[in-house]
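Okay, coords01.cif now, which holds mmCIF, N, CA and C atoms:
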data_input
#
loop_
_atom_site.group_PDB
_atom_site.id
_atom_site.type_symbol
_atom_site.label_atom_id
_atom_site.label_comp_id
_atom_site.auth_asym_id
_atom_site.auth_seq_id
_atom_site.Cartn_x
_atom_site.Cartn_y
_atom_site.Cartn_z
ATOM 1 N N MET N 679 3.543 -6.827 3.699
ATOM 2 C CA MET N 679 3.918 -5.722 2.845
ATOM 3 C C MET N 679 4.450 -6.267 1.517
ATOM 4 N N GLU N 680 5.267 -7.298 1.613
ATOM 5 C CA GLU N 680 5.853 -7.887 0.410
ATOM 6 C C GLU N 680 4.777 -8.429 -0.521
ATOM 7 N N ASP N 681 3.762 -9.090 0.041
ATOM 8 C CA ASP N 681 2.670 -9.623 -0.777
ATOM 9 C C ASP N 681 1.891 -8.498 -1.454
ATOM 10 N N THR N 682 1.687 -7.400 -0.749
ATOM 11 C CA THR N 682 0.943 -6.273 -1.315
ATOM 12 C C THR N 682 1.689 -5.687 -2.503
ATOM 13 N N ILE N 683 2.989 -5.528 -2.356
ATOM 14 C CA ILE N 683 3.796 -4.978 -3.454
ATOM 15 C C ILE N 683 3.809 -5.942 -4.635
ATOM 16 N N ARG N 684 3.951 -7.222 -4.352
ATOM 17 C CA ARG N 684 3.943 -8.227 -5.415
ATOM 18 C C ARG N 684 2.607 -8.185 -6.163
ATOM 19 N N THR N 685 1.500 -8.062 -5.429
ATOM 20 C CA THR N 685 0.175 -7.979 -6.041
ATOM 21 C C THR N 685 0.052 -6.725 -6.901
ATOM 22 N N ALA N 686 0.559 -5.609 -6.394
ATOM 23 C CA ALA N 686 0.488 -4.353 -7.156
ATOM 24 C C ALA N 686 1.232 -4.489 -8.480
ATOM 25 N N TYR N 687 2.422 -5.079 -8.464
ATOM 26 C CA TYR N 687 3.172 -5.264 -9.709
ATOM 27 C C TYR N 687 2.448 -6.226 -10.648
ATOM 28 N N ARG N 688 1.841 -7.261 -10.110
ATOM 29 C CA ARG N 688 1.107 -8.211 -10.950
ATOM 30 C C ARG N 688 -0.085 -7.532 -11.607
ATOM 31 N N VAL N 689 -0.830 -6.730 -10.826
ATOM 32 C CA VAL N 689 -1.988 -6.003 -11.362
ATOM 33 C C VAL N 689 -1.527 -5.011 -12.431
ATOM 34 N N LEU N 690 -0.459 -4.282 -12.149
ATOM 35 C CA LEU N 690 0.063 -3.316 -13.110
ATOM 36 C C LEU N 690 0.510 -4.007 -14.397
ATOM 37 N N GLY N 691 1.217 -5.108 -14.273
ATOM 38 C CA GLY N 691 1.652 -5.857 -15.452
ATOM 39 C C GLY N 691 0.475 -6.352 -16.275
ATOM 40 N N GLU N 692 -0.547 -6.841 -15.606
ATOM 41 C CA GLU N 692 -1.745 -7.317 -16.300
ATOM 42 C C GLU N 692 -2.438 -6.155 -17.012
ATOM 43 N N ASN N 693 -2.490 -4.998 -16.378
ATOM 44 C CA ASN N 693 -3.114 -3.826 -16.999
ATOM 45 C C ASN N 693 -2.352 -3.397 -18.245
ATOM 46 N N VAL N 694 -1.039 -3.402 -18.180
ATOM 47 C CA VAL N 694 -0.223 -3.034 -19.335
ATOM 48 C C VAL N 694 -0.457 -4.034 -20.467
ATOM 49 N N ARG N 695 -0.483 -5.316 -20.139
ATOM 50 C CA ARG N 695 -0.711 -6.345 -21.156
ATOM 51 C C ARG N 695 -2.064 -6.169 -21.813
ATOM 52 N N GLN N 696 -3.108 -5.924 -21.005
ATOM 53 C CA GLN N 696 -4.446 -5.742 -21.563
ATOM 54 C C GLN N 696 -4.521 -4.491 -22.428
ATOM 55 N N GLY N 697 -3.857 -3.420 -22.018
ATOM 56 C CA GLY N 697 -3.827 -2.202 -22.829
ATOM 57 C C GLY N 697 -3.134 -2.436 -24.158
ATOM 58 N N HIS N 698 -2.031 -3.171 -24.124
ATOM 59 C CA HIS N 698 -1.301 -3.506 -25.340
ATOM 60 C C HIS N 698 -2.176 -4.333 -26.279
ATOM 61 N N ASP N 699 -2.839 -5.342 -25.737
ATOM 62 C CA ASP N 699 -3.723 -6.188 -26.550
ATOM 63 C C ASP N 699 -4.851 -5.372 -27.159
ATOM 64 N N ALA N 700 -5.440 -4.480 -26.376
ATOM 65 C CA ALA N 700 -6.535 -3.645 -26.884
ATOM 66 C C ALA N 700 -6.046 -2.719 -27.993
ATOM 67 N N ALA N 701 -4.861 -2.149 -27.822
ATOM 68 C CA ALA N 701 -4.312 -1.263 -28.851
ATOM 69 C C ALA N 701 -4.058 -2.034 -30.147
ATOM 70 N N GLU N 702 -3.547 -3.251 -30.040
ATOM 71 C CA GLU N 702 -3.321 -4.062 -31.243
ATOM 72 C C GLU N 702 -4.632 -4.393 -31.931
ATOM 73 N N ARG N 703 -5.641 -4.794 -31.165
ATOM 74 C CA ARG N 703 -6.953 -5.092 -31.762
ATOM 75 C C ARG N 703 -7.514 -3.860 -32.454
ATOM 76 N N TYR N 704 -7.408 -2.726 -31.807
ATOM 77 C CA TYR N 704 -7.954 -1.494 -32.369
ATOM 78 C C TYR N 704 -7.228 -1.111 -33.658
ATOM 79 N N SER N 705 -5.902 -1.265 -33.672
ATOM 80 C CA SER N 705 -5.145 -0.894 -34.875
ATOM 81 C C SER N 705 -5.462 -1.828 -36.044
ATOM 82 N N ARG N 706 -5.804 -3.076 -35.773
ATOM 83 C CA ARG N 706 -6.171 -4.015 -36.842
ATOM 84 C C ARG N 706 -7.556 -3.711 -37.387
ATOM 85 N N GLU N 707 -8.385 -3.058 -36.588
ATOM 86 C CA GLU N 707 -9.778 -2.818 -36.967
ATOM 87 C C GLU N 707 -10.038 -1.347 -37.267
ATOM 88 N N THR N 708 -9.085 -0.644 -37.833
ATOM 89 C CA THR N 708 -9.242 0.793 -38.085
ATOM 90 C C THR N 708 -10.253 1.105 -39.170
ATOM 91 N N THR N 709 -10.712 0.115 -39.914
ATOM 92 C CA THR N 709 -11.686 0.369 -40.979
ATOM 93 C C THR N 709 -13.098 0.526 -40.436
ATOM 94 N N ARG N 710 -13.283 0.311 -39.154
ATOM 95 C CA ARG N 710 -14.620 0.437 -38.572
ATOM 96 C C ARG N 710 -15.038 1.892 -38.533
ATOM 97 N N GLY N 711 -16.307 2.121 -38.339
ATOM 98 C CA GLY N 711 -16.835 3.477 -38.306
ATOM 99 C C GLY N 711 -16.682 4.129 -36.948
ATOM 100 N N ALA N 712 -17.018 5.407 -36.884
ATOM 101 C CA ALA N 712 -16.891 6.176 -35.644
ATOM 102 C C ALA N 712 -17.827 5.644 -34.562
ATOM 103 N N GLY N 713 -18.969 5.122 -34.953
ATOM 104 C CA GLY N 713 -19.907 4.567 -33.973
ATOM 105 C C GLY N 713 -19.318 3.392 -33.227
ATOM 106 N N ASP N 714 -18.629 2.529 -33.945
ATOM 107 C CA ASP N 714 -17.970 1.389 -33.299
ATOM 108 C C ASP N 714 -16.854 1.866 -32.372
ATOM 109 N N ALA N 715 -16.113 2.865 -32.811
ATOM 110 C CA ALA N 715 -15.009 3.388 -32.005
ATOM 111 C C ALA N 715 -15.523 4.007 -30.716
ATOM 112 N N SER N 716 -16.662 4.692 -30.759
ATOM 113 C CA SER N 716 -17.181 5.312 -29.538
ATOM 114 C C SER N 716 -17.592 4.253 -28.523
ATOM 115 N N GLY N 717 -18.083 3.108 -28.990
ATOM 116 C CA GLY N 717 -18.394 2.012 -28.081
ATOM 117 C C GLY N 717 -17.138 1.496 -27.402
ATOM 118 N N ASP N 718 -16.063 1.399 -28.184
ATOM 119 C CA ASP N 718 -14.777 0.977 -27.628
ATOM 120 C C ASP N 718 -14.286 1.976 -26.585
ATOM 121 N N LEU N 719 -14.468 3.261 -26.861
ATOM 122 C CA LEU N 719 -14.022 4.282 -25.917
ATOM 123 C C LEU N 719 -14.795 4.196 -24.608
ATOM 124 N N GLY N 720 -16.076 3.899 -24.686
ATOM 125 C CA GLY N 720 -16.870 3.724 -23.468
ATOM 126 C C GLY N 720 -16.378 2.547 -22.651
ATOM 127 N N THR N 721 -16.079 1.450 -23.336
ATOM 128 C CA THR N 721 -15.536 0.266 -22.662
ATOM 129 C C THR N 721 -14.177 0.579 -22.057
ATOM 130 N N LEU N 722 -13.354 1.298 -22.827
ATOM 131 C CA LEU N 722 -12.031 1.673 -22.343
ATOM 132 C C LEU N 722 -12.135 2.556 -21.099
ATOM 133 N N ALA N 723 -13.025 3.550 -21.140
ATOM 134 C CA ALA N 723 -13.186 4.450 -19.991
ATOM 135 C C ALA N 723 -13.650 3.674 -18.762
ATOM 136 N N SER N 724 -14.581 2.766 -18.952
ATOM 137 C CA SER N 724 -15.072 1.951 -17.838
ATOM 138 C C SER N 724 -13.947 1.098 -17.264
ATOM 139 N N ARG N 725 -13.158 0.500 -18.136
ATOM 140 C CA ARG N 725 -12.038 -0.336 -17.678
ATOM 141 C C ARG N 725 -10.989 0.499 -16.944
ATOM 142 N N MET N 726 -10.709 1.686 -17.450
ATOM 143 C CA MET N 726 -9.728 2.554 -16.800
ATOM 144 C C MET N 726 -10.208 2.962 -15.396
ATOM 145 N N ILE N 727 -11.485 3.238 -15.247
ATOM 146 C CA ILE N 727 -12.020 3.576 -13.923
ATOM 147 C C ILE N 727 -11.846 2.401 -12.971
ATOM 148 N N GLN N 728 -12.154 1.195 -13.445
ATOM 149 C CA GLN N 728 -11.997 0.009 -12.599
ATOM 150 C C GLN N 728 -10.537 -0.209 -12.227
ATOM 151 N N LEU N 729 -9.639 -0.030 -13.192
ATOM 152 C CA LEU N 729 -8.212 -0.203 -12.912
ATOM 153 C C LEU N 729 -7.726 0.841 -11.910
ATOM 154 N N GLY N 730 -8.217 2.058 -12.033
ATOM 155 C CA GLY N 730 -7.863 3.101 -11.071
ATOM 156 C C GLY N 730 -8.316 2.733 -9.666
ATOM 157 N N ARG N 731 -9.513 2.198 -9.568
ATOM 158 C CA ARG N 731 -10.012 1.741 -8.257
ATOM 159 C C ARG N 731 -9.125 0.636 -7.695
ATOM 160 N N ASP N 732 -8.776 -0.330 -8.553
ATOM 161 C CA ASP N 732 -7.936 -1.440 -8.105
ATOM 162 C C ASP N 732 -6.576 -0.947 -7.612
ATOM 163 N N MET N 733 -5.978 -0.032 -8.368
ATOM 164 C CA MET N 733 -4.659 0.483 -7.975
ATOM 165 C C MET N 733 -4.755 1.309 -6.697
ATOM 166 N N ALA N 734 -5.812 2.104 -6.559
ATOM 167 C CA ALA N 734 -5.977 2.906 -5.338
ATOM 168 C C ALA N 734 -6.147 1.986 -4.129
ATOM 169 N N THR N 735 -6.931 0.938 -4.280
ATOM 170 C CA THR N 735 -7.131 -0.011 -3.184
ATOM 171 C C THR N 735 -5.804 -0.655 -2.801
ATOM 172 N N THR N 736 -5.029 -1.068 -3.798
ATOM 173 C CA THR N 736 -3.727 -1.674 -3.524
ATOM 174 C C THR N 736 -2.810 -0.684 -2.816
ATOM 175 N N TYR N 737 -2.797 0.561 -3.293
ATOM 176 C CA TYR N 737 -1.954 1.599 -2.691
ATOM 177 C C TYR N 737 -2.338 1.816 -1.224
ATOM 178 N N PHE N 738 -3.633 1.975 -0.956
ATOM 179 C CA PHE N 738 -4.053 2.237 0.416
ATOM 180 C C PHE N 738 -3.845 1.026 1.320
ATOM 181 N N ASP N 739 -3.984 -0.174 0.788
ATOM 182 C CA ASP N 739 -3.661 -1.374 1.577
ATOM 183 C C ASP N 739 -2.181 -1.383 1.957
ATOM 184 N N ALA N 740 -1.326 -1.030 1.009
ATOM 185 C CA ALA N 740 0.116 -0.995 1.284
ATOM 186 C C ALA N 740 0.439 0.075 2.321
ATOM 187 N N MET N 741 -0.182 1.237 2.209
ATOM 188 C CA MET N 741 0.064 2.314 3.171
ATOM 189 C C MET N 741 -0.441 1.927 4.565
ATOM 190 N N ASP N 742 -1.551 1.219 4.622
ATOM 191 C CA ASP N 742 -2.082 0.768 5.910
ATOM 192 C C ASP N 742 -1.100 -0.182 6.586
ATOM 193 N N VAL N 743 -0.567 -1.129 5.836
ATOM 194 C CA VAL N 743 0.416 -2.073 6.387
ATOM 195 C C VAL N 743 1.659 -1.315 6.850
ATOM 196 N N LEU N 744 2.121 -0.382 6.030
ATOM 197 C CA LEU N 744 3.315 0.398 6.372
ATOM 198 C C LEU N 744 3.103 1.199 7.650
ATOM 199 N N LEU N 745 1.963 1.864 7.767
ATOM 200 C CA LEU N 745 1.696 2.668 8.963
ATOM 201 C C LEU N 745 1.559 1.798 10.214
ATOM 202 N N GLN N 746 0.975 0.626 10.063
ATOM 203 C CA GLN N 746 0.886 -0.289 11.205
ATOM 204 C C GLN N 746 2.278 -0.713 11.655
ATOM 205 N N GLU N 747 3.146 -0.958 10.707
ATOM 206 C CA GLU N 747 4.513 -1.350 11.052
ATOM 207 C C GLU N 747 5.246 -0.201 11.746
ATOM 208 N N VAL N 748 5.073 1.022 11.261
ATOM 209 C CA VAL N 748 5.695 2.185 11.893
ATOM 210 C C VAL N 748 5.190 2.333 13.324
ATOM 211 N N ASP N 749 3.870 2.209 13.520
ATOM 212 C CA ASP N 749 3.302 2.307 14.870
ATOM 213 C C ASP N 749 3.857 1.222 15.787
ATOM 214 N N GLN N 750 3.992 0.005 15.271
ATOM 215 C CA GLN N 750 4.508 -1.105 16.071
ATOM 216 C C GLN N 750 5.955 -0.849 16.471
ATOM 217 N N ARG N 751 6.759 -0.362 15.529
ATOM 218 C CA ARG N 751 8.164 -0.072 15.848
ATOM 219 C C ARG N 751 8.272 1.043 16.879
ATOM 220 N N ARG N 752 7.421 2.059 16.758
ATOM 221 C CA ARG N 752 7.426 3.154 17.729
ATOM 222 C C ARG N 752 7.075 2.620 19.118
ATOM 223 N N ALA N 753 6.064 1.778 19.200
ATOM 224 C CA ALA N 753 5.666 1.201 20.488
ATOM 225 C C ALA N 753 6.787 0.332 21.062
ATOM 226 N N ASP N 754 7.450 -0.433 20.197
ATOM 227 C CA ASP N 754 8.567 -1.273 20.650
ATOM 228 C C ASP N 754 9.699 -0.408 21.203
ATOM 229 N N ARG N 755 10.015 0.692 20.515
ATOM 230 C CA ARG N 755 11.081 1.597 20.987
ATOM 231 C C ARG N 755 10.711 2.215 22.333
ATOM 232 N N GLU N 756 9.458 2.637 22.482
ATOM 233 C CA GLU N 756 9.033 3.238 23.746
ATOM 234 C C GLU N 756 9.103 2.230 24.883
ATOM 235 N N ARG N 757 8.690 0.992 24.596
ATOM 236 C CA ARG N 757 8.752 -0.064 25.609
ATOM 237 C C ARG N 757 10.196 -0.336 26.002
ATOM 238 N N SER N 758 11.065 -0.386 25.009
ATOM 239 C CA SER N 758 12.481 -0.638 25.253
ATOM 240 C C SER N 758 13.096 0.487 26.087
ATOM 241 N N SER N 759 12.719 1.715 25.781
ATOM 242 C CA SER N 759 13.230 2.877 26.516
ATOM 243 C C SER N 759 12.773 2.840 27.970
ATOM 244 N N GLU N 760 11.531 2.459 28.194
ATOM 245 C CA GLU N 760 11.007 2.385 29.561
ATOM 246 C C GLU N 760 11.720 1.301 30.360
ATOM 247 N N GLN N 761 12.080 0.210 29.715
ATOM 248 C CA GLN N 761 12.763 -0.877 30.415
ATOM 249 C C GLN N 761 14.187 -0.486 30.772
ATOM 250 N N ARG N 762 14.844 0.331 29.929
ATOM 251 C CA ARG N 762 16.218 0.757 30.209
ATOM 252 C C ARG N 762 16.266 1.832 31.281
ATOM 253 N N ASP N 763 15.266 2.687 31.337
ATOM 254 C CA ASP N 763 15.237 3.806 32.286
ATOM 255 C C ASP N 763 14.067 3.641 33.245
ATOM 256 N N PRO N 764 14.207 2.731 34.241
ATOM 257 C CA PRO N 764 13.085 2.536 35.169
ATOM 258 C C PRO N 764 12.877 3.804 35.996
ATOM 259 N N PRO N 765 11.648 4.035 36.450
ATOM 260 C CA PRO N 765 11.379 5.235 37.252
ATOM 261 C C PRO N 765 12.202 5.201 38.542
ATOM 262 N N ALA N 766 12.528 6.394 39.019
ATOM 263 C CA ALA N 766 13.311 6.497 40.265
ATOM 264 C C ALA N 766 12.522 5.888 41.417
ATOM 265 N N GLU N 767 13.262 5.238 42.309
ATOM 266 C CA GLU N 767 12.607 4.606 43.459
ATOM 267 C C GLU N 767 12.193 5.668 44.466
ATOM 268 N N THR N 768 11.078 5.415 45.059
ATOM 269 C CA THR N 768 10.665 6.291 46.156
ATOM 270 C C THR N 768 11.101 5.624 47.449
ATOM 271 N N GLY N 769 11.202 6.380 48.452
ATOM 272 C CA GLY N 769 11.649 5.836 49.735
ATOM 273 C C GLY N 769 12.413 6.897 50.508
ATOM 274 N N ARG N 770 13.498 6.500 51.136
ATOM 275 C CA ARG N 770 14.264 7.436 51.966
ATOM 276 C C ARG N 770 15.688 7.518 51.429
ATOM 277 N N ASP N 771 16.254 8.726 51.560
ATOM 278 C CA ASP N 771 17.639 8.874 51.129
ATOM 279 C C ASP N 771 18.562 8.396 52.236
ATOM 280 N N ASP N 772 19.874 8.598 52.079
ATOM 281 C CA ASP N 772 20.840 8.104 53.041
ATOM 282 C C ASP N 772 20.682 8.735 54.426
ATOM 283 N N ALA N 773 20.112 9.927 54.464
ATOM 284 C CA ALA N 773 19.914 10.600 55.757
ATOM 285 C C ALA N 773 18.585 10.204 56.405
ATOM 286 N N GLY N 774 17.829 9.346 55.741
ATOM 287 C CA GLY N 774 16.556 8.911 56.317
ATOM 288 C C GLY N 774 15.397 9.818 55.960
ATOM 289 N N GLU N 775 15.655 10.828 55.119
ATOM 290 C CA GLU N 775 14.598 11.747 54.701
ATOM 291 C C GLU N 775 13.801 11.123 53.538
ATOM 292 N N PRO N 776 12.491 11.444 53.462
ATOM 293 C CA PRO N 776 11.704 10.936 52.306
ATOM 294 C C PRO N 776 12.222 11.545 51.010
ATOM 295 N N ARG N 777 12.149 10.784 49.981
ATOM 296 C CA ARG N 777 12.581 11.262 48.655
ATOM 297 C C ARG N 777 11.463 11.925 47.940
#

Target format structure tokens, applied to this file:
Amino acid sequence: MEDTIRTAYRVLGENVRQGHDAAERYSRETTRGAGDASGDLGTLASRMIQLGRDMATTYFDAMDVLLQEVDQRRADRERSSEQRDPPAETGRDDAGEPR
């Protein structure tokens, strides 16, 4: 879980850095025409879709790990409960009658 979160923050940080760099490049090149800008927008849209996919994959990987851990803890608790409360013994009571 810790590695997944660390990866998510690294990916997010890299995305922010790349967005910042792209914005700086674009602001330096404002003298270009609308045709050049539309090409940049297409590249930007494609990159944003890829980043969305990457973040969704990271999110679902983290949720999968979390749910597995919850299931494991639930199973551990149930096992522990069964060990503390063993089933009643069958046999005969003090009067010799079947239980």

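Selection result for the displayed file, with the PyMOL selection byres ((chain N and resi 729-745) around 8) as criterion, is Met679, Thr682, Ile683, Thr685, Ala686, Val689, Leu690, Asn693, Ala723, Ser724, Arg725, Met726, Ile727, Gln728, Gln746, Glu747, Val748, Asp749, Gln750 and Arg751 of chain N.
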
Go ahead and save the residues from that selection, with N, CA and C atoms, as a PDB file, keeping the file's coordinate frame.
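Saved result, part_35.pdb, follows:
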ATOM      1  N   MET N 679       3.543  -6.827   3.699  1.00  0.00           N
ATOM      2  CA  MET N 679       3.918  -5.722   2.845  1.00  0.00           C
ATOM      3  C   MET N 679       4.450  -6.267   1.517  1.00  0.00           C
ATOM      4  N   THR N 682       1.687  -7.400  -0.749  1.00  0.00           N
ATOM      5  CA  THR N 682       0.943  -6.273  -1.315  1.00  0.00           C
ATOM      6  C   THR N 682       1.689  -5.687  -2.503  1.00  0.00           C
ATOM      7  N   ILE N 683       2.989  -5.528  -2.356  1.00  0.00           N
ATOM      8  CA  ILE N 683       3.796  -4.978  -3.454  1.00  0.00           C
ATOM      9  C   ILE N 683       3.809  -5.942  -4.635  1.00  0.00           C
ATOM     10  N   THR N 685       1.500  -8.062  -5.429  1.00  0.00           N
ATOM     11  CA  THR N 685       0.175  -7.979  -6.041  1.00  0.00           C
ATOM     12  C   THR N 685       0.052  -6.725  -6.901  1.00  0.00           C
ATOM     13  N   ALA N 686       0.559  -5.609  -6.394  1.00  0.00           N
ATOM     14  CA  ALA N 686       0.488  -4.353  -7.156  1.00  0.00           C
ATOM     15  C   ALA N 686       1.232  -4.489  -8.480  1.00  0.00           C
ATOM     16  N   VAL N 689      -0.830  -6.730 -10.826  1.00  0.00           N
ATOM     17  CA  VAL N 689      -1.988  -6.003 -11.362  1.00  0.00           C
ATOM     18  C   VAL N 689      -1.527  -5.011 -12.431  1.00  0.00           C
ATOM     19  N   LEU N 690      -0.459  -4.282 -12.149  1.00  0.00           N
ATOM     20  CA  LEU N 690       0.063  -3.316 -13.110  1.00  0.00           C
ATOM     21  C   LEU N 690       0.510  -4.007 -14.397  1.00  0.00           C
ATOM     22  N   ASN N 693      -2.490  -4.998 -16.378  1.00  0.00           N
ATOM     23  CA  ASN N 693      -3.114  -3.826 -16.999  1.00  0.00           C
ATOM     24  C   ASN N 693      -2.352  -3.397 -18.245  1.00  0.00           C
ATOM     25  N   ALA N 723     -13.025   3.550 -21.140  1.00  0.00           N
ATOM     26  CA  ALA N 723     -13.186   4.450 -19.991  1.00  0.00           C
ATOM     27  C   ALA N 723     -13.650   3.674 -18.762  1.00  0.00           C
ATOM     28  N   SER N 724     -14.581   2.766 -18.952  1.00  0.00           N
ATOM     29  CA  SER N 724     -15.072   1.951 -17.838  1.00  0.00           C
ATOM     30  C   SER N 724     -13.947   1.098 -17.264  1.00  0.00           C
ATOM     31  N   ARG N 725     -13.158   0.500 -18.136  1.00  0.00           N
ATOM     32  CA  ARG N 725     -12.038  -0.336 -17.678  1.00  0.00           C
ATOM     33  C   ARG N 725     -10.989   0.499 -16.944  1.00  0.00           C
ATOM     34  N   MET N 726     -10.709   1.686 -17.450  1.00  0.00           N
ATOM     35  CA  MET N 726      -9.728   2.554 -16.800  1.00  0.00           C
ATOM     36  C   MET N 726     -10.208   2.962 -15.396  1.00  0.00           C
ATOM     37  N   ILE N 727     -11.485   3.238 -15.247  1.00  0.00           N
ATOM     38  CA  ILE N 727     -12.020   3.576 -13.923  1.00  0.00           C
ATOM     39  C   ILE N 727     -11.846   2.401 -12.971  1.00  0.00           C
ATOM     40  N   GLN N 728     -12.154   1.195 -13.445  1.00  0.00           N
ATOM     41  CA  GLN N 728     -11.997   0.009 -12.599  1.00  0.00           C
ATOM     42  C   GLN N 728     -10.537  -0.209 -12.227  1.00  0.00           C
ATOM     43  N   GLN N 746       0.975   0.626  10.063  1.00  0.00           N
ATOM     44  CA  GLN N 746       0.886  -0.289  11.205  1.00  0.00           C
ATOM     45  C   GLN N 746       2.278  -0.713  11.655  1.00  0.00           C
ATOM     46  N   GLU N 747       3.146  -0.958  10.707  1.00  0.00           N
ATOM     47  CA  GLU N 747       4.513  -1.350  11.052  1.00  0.00           C
ATOM     48  C   GLU N 747       5.246  -0.201  11.746  1.00  0.00           C
ATOM     49  N   VAL N 748       5.073   1.022  11.261  1.00  0.00           N
ATOM     50  CA  VAL N 748       5.695   2.185  11.893  1.00  0.00           C
ATOM     51  C   VAL N 748       5.190   2.333  13.324  1.00  0.00           C
ATOM     52  N   ASP N 749       3.870   2.209  13.520  1.00  0.00           N
ATOM     53  CA  ASP N 749       3.302   2.307  14.870  1.00  0.00           C
ATOM     54  C   ASP N 749       3.857   1.222  15.787  1.00  0.00           C
ATOM     55  N   GLN N 750       3.992   0.005  15.271  1.00  0.00           N
ATOM     56  CA  GLN N 750       4.508  -1.105  16.071  1.00  0.00           C
ATOM     57  C   GLN N 750       5.955  -0.849  16.471  1.00  0.00           C
ATOM     58  N   ARG N 751       6.759  -0.362  15.529  1.00  0.00           N
ATOM     59  CA  ARG N 751       8.164  -0.072  15.848  1.00  0.00           C
ATOM     60  C   ARG N 751       8.272   1.043  16.879  1.00  0.00           C
TER      61      ARG N 751
END

Worksheet, complete the sentence: Computed gap from atom N of Gly691 (chain N) to atom C of Ser705 (chain N) is 23.0 Å

Practice prompt. For CA of Asp699 (chain N) and atom C of Arg684 (chain N), quote the distance in Å rounded to one decimal.
Written response: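 Pair CA of Asp699 (chain N) / atom C of Arg684 (chain N) returns 21.4 Å.
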
Worksheet entry | For atom C of Arg688 (chain N) and atom C of Leu722 (chain N), the interatomic separation in Å (one decimal) |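 Atom C of Arg688 (chain N) sits 18.4 Å away from atom C of Leu722 (chain N).
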
Rebuild region 686-691 of chain N so that it carries all heavy atoms, then output the result as a compact mmCIF listing (two decimals), keeping the file's coordinate frame.
# COMPACT_ATOMS: atom_id res chain seq x y z
N ALA N 686 0.56 -5.61 -6.39
CA ALA N 686 0.49 -4.35 -7.16
C ALA N 686 1.23 -4.49 -8.48
O ALA N 686 0.73 -4.07 -9.53
CB ALA N 686 1.06 -3.21 -6.34
N TYR N 687 2.42 -5.08 -8.46
CA TYR N 687 3.17 -5.26 -9.71
C TYR N 687 2.45 -6.23 -10.65
O TYR N 687 2.44 -6.02 -11.87
CB TYR N 687 4.58 -5.77 -9.42
CG TYR N 687 5.55 -4.66 -9.12
CD1 TYR N 687 6.08 -4.51 -7.85
CD2 TYR N 687 5.93 -3.75 -10.10
CE1 TYR N 687 6.97 -3.48 -7.56
CE2 TYR N 687 6.80 -2.73 -9.82
CZ TYR N 687 7.33 -2.59 -8.55
OH TYR N 687 8.19 -1.59 -8.28
N ARG N 688 1.84 -7.26 -10.11
CA ARG N 688 1.11 -8.21 -10.95
C ARG N 688 -0.08 -7.53 -11.61
O ARG N 688 -0.32 -7.68 -12.81
CB ARG N 688 0.65 -9.42 -10.12
CG ARG N 688 0.08 -10.53 -10.99
CD ARG N 688 -0.39 -11.74 -10.20
NE ARG N 688 -1.62 -11.41 -9.50
CZ ARG N 688 -1.76 -11.38 -8.18
NH1 ARG N 688 -0.76 -11.67 -7.39
NH2 ARG N 688 -2.92 -11.07 -7.62
N VAL N 689 -0.83 -6.73 -10.83
CA VAL N 689 -1.99 -6.00 -11.36
C VAL N 689 -1.53 -5.01 -12.43
O VAL N 689 -2.12 -4.92 -13.51
CB VAL N 689 -2.75 -5.28 -10.23
CG1 VAL N 689 -3.77 -4.29 -10.79
CG2 VAL N 689 -3.45 -6.30 -9.34
N LEU N 690 -0.46 -4.28 -12.15
CA LEU N 690 0.06 -3.32 -13.11
C LEU N 690 0.51 -4.01 -14.40
O LEU N 690 0.19 -3.55 -15.50
CB LEU N 690 1.23 -2.54 -12.49
CG LEU N 690 1.80 -1.41 -13.33
CD1 LEU N 690 0.74 -0.37 -13.63
CD2 LEU N 690 2.96 -0.78 -12.59
N GLY N 691 1.22 -5.11 -14.27
CA GLY N 691 1.65 -5.86 -15.45
C GLY N 691 0.48 -6.35 -16.27
O GLY N 691 0.50 -6.29 -17.51
